[in-house]
Each structure stands twice: as C-alpha cells, then as structure tokens.
Amino acid sequence: MSTYVRELSQALSEKGYPVGIFTCRGLPGNEAQFSDHANLKYIHICPELADCSKEVLYEHCASIAGEIIDYTQKENLQFDVIYSQYWISGIIGEILKDKWGIPHIINFHTLGAIKNKLCVGENEPAFRLNAENNLMSKVDRIIVPSLYERENVVKLGECVAGKIKVIPAGVNRKLFRFMDQSQARVQLGFDQPGSTDMKILFALGRIEPVKGFDLLIEAFSTLAMENSYKLIIAGGSSADDPLIKKLKSLAVSRGARDSIVFPGKINHHQLPLYYNAADLTVITSYYESFALVALESVSCGTPLAATPVGVIPELMDGKNSSRLGCILQLPGPFNWADTIRDYLLQGWQIDAETADESLAPYNWPGIANSLADEIDQLRREGY
C-alpha cells in the first residue's frame, strides 16, 4: 500500500495535480523522497499513533480527522477530492467528506470479509467488516486494482457495482529491472562467484496466514531434500513476530531449517536484487486484491508460480501463461512441489520483450491519468 501511495502520488504530481498525503507514520527519509515534487506535500500528523495497532487507530479516527481539519485550516489548504487508502482511512475520509462537501474515493486494498472467508487462519474483527460494508454504501467511488477484486466487492455488496472502477496498480520499471543473476546472488551473499548450481525461490509479503507461507514451506521441504535449493521468505516486522517463529518452527520440523532464509523487511530499493537472484518467485496467497509482487518479479525477468489471485489471472492470460510462469490452485504441498520442480528443470526465463509487452498496461503515468479521468467524471456527476 505504501508503494502504491508513493508511486501514484508522484505520478499525479508530475502531471500537475497538487497532492497532499496525510499519514501518522513518519518514516525517516519520507520527506526527502517527496521534496523534489513541487506539487506533492507530505503531512505527518498524530505521530503518537504511528506504531499503534489497527484496533487502536480505529478508536482514534475522529481525532485524526480533527487533526487534518485543523491543519488544513491553519495552512489554508483546500482539496477537490479525498482518496482514502484502506478501511481505517475510509472512516476518516467520510468525516472529511461531511466537513468539506467534496467527493470521497476509496481503495480498500484488502477486504476483511474476503480474508476470513478464504483463509481459515484469518480472523478480522466484526468492527472492520461492519466499517467496510458501511463505507461501500457511502463513498462515491470504489477503486479496485483487478477484475478479481471487483468480483469480491460485488459479492459483498451487489448494490455498489455502479460505484466500482477498475484501475490497476503499476510497477516502477526503472527500479525493477533486469540484472545479472550471479552478481545479484553474490551481492546478497547467496552464492559464490560463478556458481550456478543452486536454485532459489523467493516469496515476499506480510507475514500472515492469508499469504500461505506454511503451505510454501511444506512444499519446499520436499525439494530441499533432493538438491541444492534455497527459499527466501521476506517480510515481517521483526524476528520476534509470533508468526515468523511459527514458520521457523515448521521449517525445523520439516528438516529444511538450513535451506530457508527469513531476511525480514527488505528496503524497497534492495528488492530488485532479490528478484534477480531468484529462479522463481512464488505466490501462495489465498487472497490478494492485486499482488504487486507479480509485476515486480516479471519486471526483473523472474518467472512466477502463483495462485489465481489479484491481477495474476489478467497478467498471465492464455497468451502469457507459458512465458511468465504457471498458475496453481491450492490442493496441497506435494502438487506445488511437483510443479515447481518441473518448472525449474526447464530453466525458464522471461525475456525483455515479453516483460515489456506484459507490463505495458501497468505504468504509473497511465494509471494517474485513469484516476484523474475518474475524478473528472465525479465532477460531471454533480460535485
């Protein structure tokens, strides 16, 4: 979500649209990232809430909205539209909409009800589900990043179909680019110079049940016993995360402890090294609204083994499936292991022309144009 906000805001500002980003989380360096964009203002509010849980943030929505209102009055700022990211921001956005009388657009990014339905280990609270349902009925537009997510939203609220607009996320092709695999491995310490024997799988995401990392470890443990395989599972806030500890224990119990690496959270600008070092990016998620990882991997020339979630069915359509990787359902770890093994034995790679063709619809300037068009449409409808 942070990648989406940053890239889209910068693309809009470069087209001349003034953008204000309000956030409680002030990460070091964020202000510097945005300083080169004349139309982009990064506004850090309520810093005392930066590390709070979703449950605590939910209780402070009204006070956060009040801080935003006070700031805009003090700085004499006016906005034409509110674009909320995630359900908590949506609650705040509705308060601002009532105060300012401007349209409110939302991108949920994920939906609690869908997470609970598709993954047994997920247990999103009732107050989130109620808030999302309420927001669907109140907001003026719902932006979804994929056809897959459009279906999910319609199933939850059939009356909102007319509010939904499919606008995908994009990928930064300057950052996520082809590199020499051997050099990437050496830089990350995964290989000796010139070594090509090891097969590396890469998985990236928040450490939570819906990502299916337990299934991936089960499947990988079969491969690790056969040959020189390494699995990198990146993400998570710290090594003390209970879910990371659980995954590490699973790896030990399956005899794959020495073959699985948990590097934790990776700096965004380091990610291309990991994609390029890998032979295959694996997405075992039960649910993704978009799956930005898939675009980033293809942009680096690394094929995919992925479940049919988010943008993956559109990205890997009949024309591209054999060139970009393979789509798998979730029947069990042994089927995953067999498919991954067979795919790796083929030594498949994505060439630059295929990457360019496949990723053409997912460029940030075009996405910024689509969102601007939708805002103009809202104005024509009466705002």
# chains A, B, ... in the order shown; residues from 1 in each chain; ligands from 1
$ closest_atom_pairs --of "region 196-221 of chain A" --to "region 234-245 of chain A" --cutoff "9 Å" --atoms "only C-alpha atoms" --output "JSON lines"
{"residue": "A:Phe202", "atom": "CA", "partner": "A:Ala234", "partner_atom": "CA", "distance": 7.8}
{"residue": "A:Ala203", "atom": "CA", "partner": "A:Ala234", "partner_atom": "CA", "distance": 6.2}
{"residue": "A:Leu204", "atom": "CA", "partner": "A:Ala234", "partner_atom": "CA", "distance": 4.8}
{"residue": "A:Gly205", "atom": "CA", "partner": "A:Gly235", "partner_atom": "CA", "distance": 5.2}
{"residue": "A:Arg206", "atom": "CA", "partner": "A:Gly235", "partner_atom": "CA", "distance": 5.3}
{"residue": "A:Ile207", "atom": "CA", "partner": "A:Gly236", "partner_atom": "CA", "distance": 5.2}
{"residue": "A:Glu208", "atom": "CA", "partner": "A:Leu243", "partner_atom": "CA", "distance": 6.9}
{"residue": "A:Pro209", "atom": "CA", "partner": "A:Leu243", "partner_atom": "CA", "distance": 8.3}
$ write_last_selection --atoms "C-alpha atoms" --output "PDB file, in the first residue's frame"
ATOM      1  CA  PHE A 202      11.655 -16.046  -3.479  1.00  0.00           C
ATOM      2  CA  ALA A 203       8.461 -15.143  -1.617  1.00  0.00           C
ATOM      3  CA  LEU A 204       7.564 -11.691  -0.308  1.00  0.00           C
ATOM      4  CA  GLY A 205       4.729 -10.305   1.762  1.00  0.00           C
ATOM      5  CA  ARG A 206       3.337  -9.517   5.180  1.00  0.00           C
ATOM      6  CA  ILE A 207       3.710 -12.475   7.498  1.00  0.00           C
ATOM      7  CA  GLU A 208       0.096 -13.504   7.974  1.00  0.00           C
ATOM      8  CA  PRO A 209      -1.931 -16.689   7.371  1.00  0.00           C
TER       9      PRO A 209
END
$ closest_residue --among "A:Trp100, A:Tyr42, A:Tyr287, A:Tyr229" --to "Ile21 (chain A)" --atoms "only C-alpha atoms"
A:Tyr42
$ atom_distance --atom1 "CA of Ala337 (chain A)" --atom2 "CA of Phe220 (chain A)"
6.4 Å
$ select_by_dssp --residues "region 37-237 of chain A" --states "strand (DSSP E or B)" --output "ChimeraX atom specification"
/A:40-44,82-85,104-107,141-144,164-166,199-204,229-234
$ closest_residue --among "A:Gln85, A:Gln349, A:Ser2, A:Asn152" --to "Leu280 (chain A)" --atoms "only C-alpha atoms"
A:Gln349
$ closest_atom_pairs --of "region 245-357 of chain A" --to "region 105-122 of chain A" --cutoff "8 Å" --atoms "only C-alpha atoms" --output "Markdown table"
| residue | atom | partner | partner_atom | distance |
| --- | --- | --- | --- | --- |
| A:Tyr286 | CA | A:Leu118 | CA | 6.1 |
| A:Tyr287 | CA | A:Lys115 | CA | 6.6 |
| A:Glu288 | CA | A:Thr110 | CA | 7.1 |
| A:Ser289 | CA | A:Thr110 | CA | 5.7 |
| A:Phe290 | CA | A:His109 | CA | 7.8 |
$ residues_around --residues "region 265-277 of chain A" --least-positions-apart "5" --cutoff "10 Å" --atoms "only C-alpha atoms" --output "PyMOL selection string"
chain A and resi 3+175-188+190-191+199-206+232-239+293+296-303
$ write_last_selection --atoms "C-alpha atoms" --output "PDB file, in the first residue's frame"
ATOM      1  CA  THR A   3       4.368   1.693  -2.604  1.00  0.00           C
ATOM      2  CA  LEU A 175      13.833   0.372 -10.277  1.00  0.00           C
ATOM      3  CA  PHE A 176      12.639  -3.155 -11.038  1.00  0.00           C
ATOM      4  CA  ARG A 177      14.883  -4.095 -13.931  1.00  0.00           C
ATOM      5  CA  PHE A 178      16.879  -6.993 -15.329  1.00  0.00           C
ATOM      6  CA  MET A 179      20.221  -7.677 -13.593  1.00  0.00           C
ATOM      7  CA  ASP A 180      22.878 -10.347 -13.830  1.00  0.00           C
ATOM      8  CA  GLN A 181      21.686 -13.203 -11.621  1.00  0.00           C
ATOM      9  CA  SER A 182      25.136 -14.319 -10.497  1.00  0.00           C
ATOM     10  CA  GLN A 183      26.111 -10.800  -9.466  1.00  0.00           C
ATOM     11  CA  ALA A 184      22.827 -10.323  -7.575  1.00  0.00           C
ATOM     12  CA  ARG A 185      23.445 -13.550  -5.658  1.00  0.00           C
ATOM     13  CA  VAL A 186      26.985 -12.608  -4.772  1.00  0.00           C
ATOM     14  CA  GLN A 187      25.840  -9.178  -3.515  1.00  0.00           C
ATOM     15  CA  LEU A 188      23.262 -10.848  -1.276  1.00  0.00           C
ATOM     16  CA  PHE A 190      23.702 -16.395  -1.506  1.00  0.00           C
ATOM     17  CA  ASP A 191      26.314 -17.680  -3.940  1.00  0.00           C
ATOM     18  CA  LYS A 199      18.002 -22.985  -7.281  1.00  0.00           C
ATOM     19  CA  ILE A 200      16.500 -20.086  -5.343  1.00  0.00           C
ATOM     20  CA  LEU A 201      12.804 -19.470  -4.664  1.00  0.00           C
ATOM     21  CA  PHE A 202      11.655 -16.046  -3.479  1.00  0.00           C
ATOM     22  CA  ALA A 203       8.461 -15.143  -1.617  1.00  0.00           C
ATOM     23  CA  LEU A 204       7.564 -11.691  -0.308  1.00  0.00           C
ATOM     24  CA  GLY A 205       4.729 -10.305   1.762  1.00  0.00           C
ATOM     25  CA  ARG A 206       3.337  -9.517   5.180  1.00  0.00           C
ATOM     26  CA  ILE A 232      13.812 -16.796   0.847  1.00  0.00           C
ATOM     27  CA  ILE A 233      10.667 -15.642   2.674  1.00  0.00           C
ATOM     28  CA  ALA A 234      10.910 -11.865   3.066  1.00  0.00           C
ATOM     29  CA  GLY A 235       8.644  -9.695   5.175  1.00  0.00           C
ATOM     30  CA  GLY A 236       7.608  -9.247   8.776  1.00  0.00           C
ATOM     31  CA  SER A 237       8.359  -6.579  11.327  1.00  0.00           C
ATOM     32  CA  SER A 238      10.885  -8.468  13.484  1.00  0.00           C
ATOM     33  CA  ALA A 239      12.348 -11.878  14.283  1.00  0.00           C
ATOM     34  CA  VAL A 293       4.889  -8.789  -6.222  1.00  0.00           C
ATOM     35  CA  GLU A 296       7.846  -6.557  -9.775  1.00  0.00           C
ATOM     36  CA  SER A 297       9.050 -10.089 -10.441  1.00  0.00           C
ATOM     37  CA  VAL A 298       8.153 -10.013 -14.139  1.00  0.00           C
ATOM     38  CA  SER A 299       9.780  -6.590 -14.444  1.00  0.00           C
ATOM     39  CA  CYS A 300      13.011  -8.195 -13.191  1.00  0.00           C
ATOM     40  CA  GLY A 301      12.674 -11.128 -15.598  1.00  0.00           C
ATOM     41  CA  THR A 302      11.899 -13.713 -12.912  1.00  0.00           C
ATOM     42  CA  PRO A 303       9.018 -16.132 -13.672  1.00  0.00           C
TER      43      PRO A 303
END
$ atom_distance --atom1 "CA of Ile91 (chain A)" --atom2 "CA of Arg25 (chain A)"
17.5 Å
$ closest_residue --among "A:Leu345, A:Val160, A:Val311, A:Cys24" --to "Ala291 (chain A)" --atoms "only C-alpha atoms"
A:Val311
$ select_by_dssp --residues "region 152-336 of chain A" --states "helix (DSSP H, G or I)" --output "PyMOL selection string"
chain A and resi 152-156+158-163+181-188+209-211+213-224+242-253+257-259+268-277+292-299+312-315+321-324+333-336
$ atom_distance --atom1 "CA of Pro145 (chain A)" --atom2 "CA of Pro313 (chain A)"
12.5 Å
$ closest_residue --among "A:Cys159, A:Ile69, A:Ile82, A:Ala169" --to "Ile367 (chain A)" --atoms "only C-alpha atoms"
A:Ala169
$ residues_around --residues "Gly255 (chain A)" --least-positions-apart "6" --cutoff "10 Å" --atoms "only C-alpha atoms" --output "PyMOL selection string"
chain A and resi 221-222+224-225+249
$ write_last_selection --atoms "C-alpha atoms" --output "compact mmCIF listing (two decimals), in the first residue's frame"
# COMPACT_ATOMS: atom_id res chain seq x y z
CA SER A 221 10.81 -29.09 2.34
CA THR A 222 10.32 -31.84 -0.25
CA ALA A 224 15.23 -29.16 -0.20
CA MET A 225 15.85 -32.82 0.50
CA SER A 249 9.49 -23.98 13.77
$ closest_residue --among "A:Ala131, A:Leu223, A:Thr307, A:Val252" --to "Lys211 (chain A)" --atoms "only C-alpha atoms"
A:Thr307
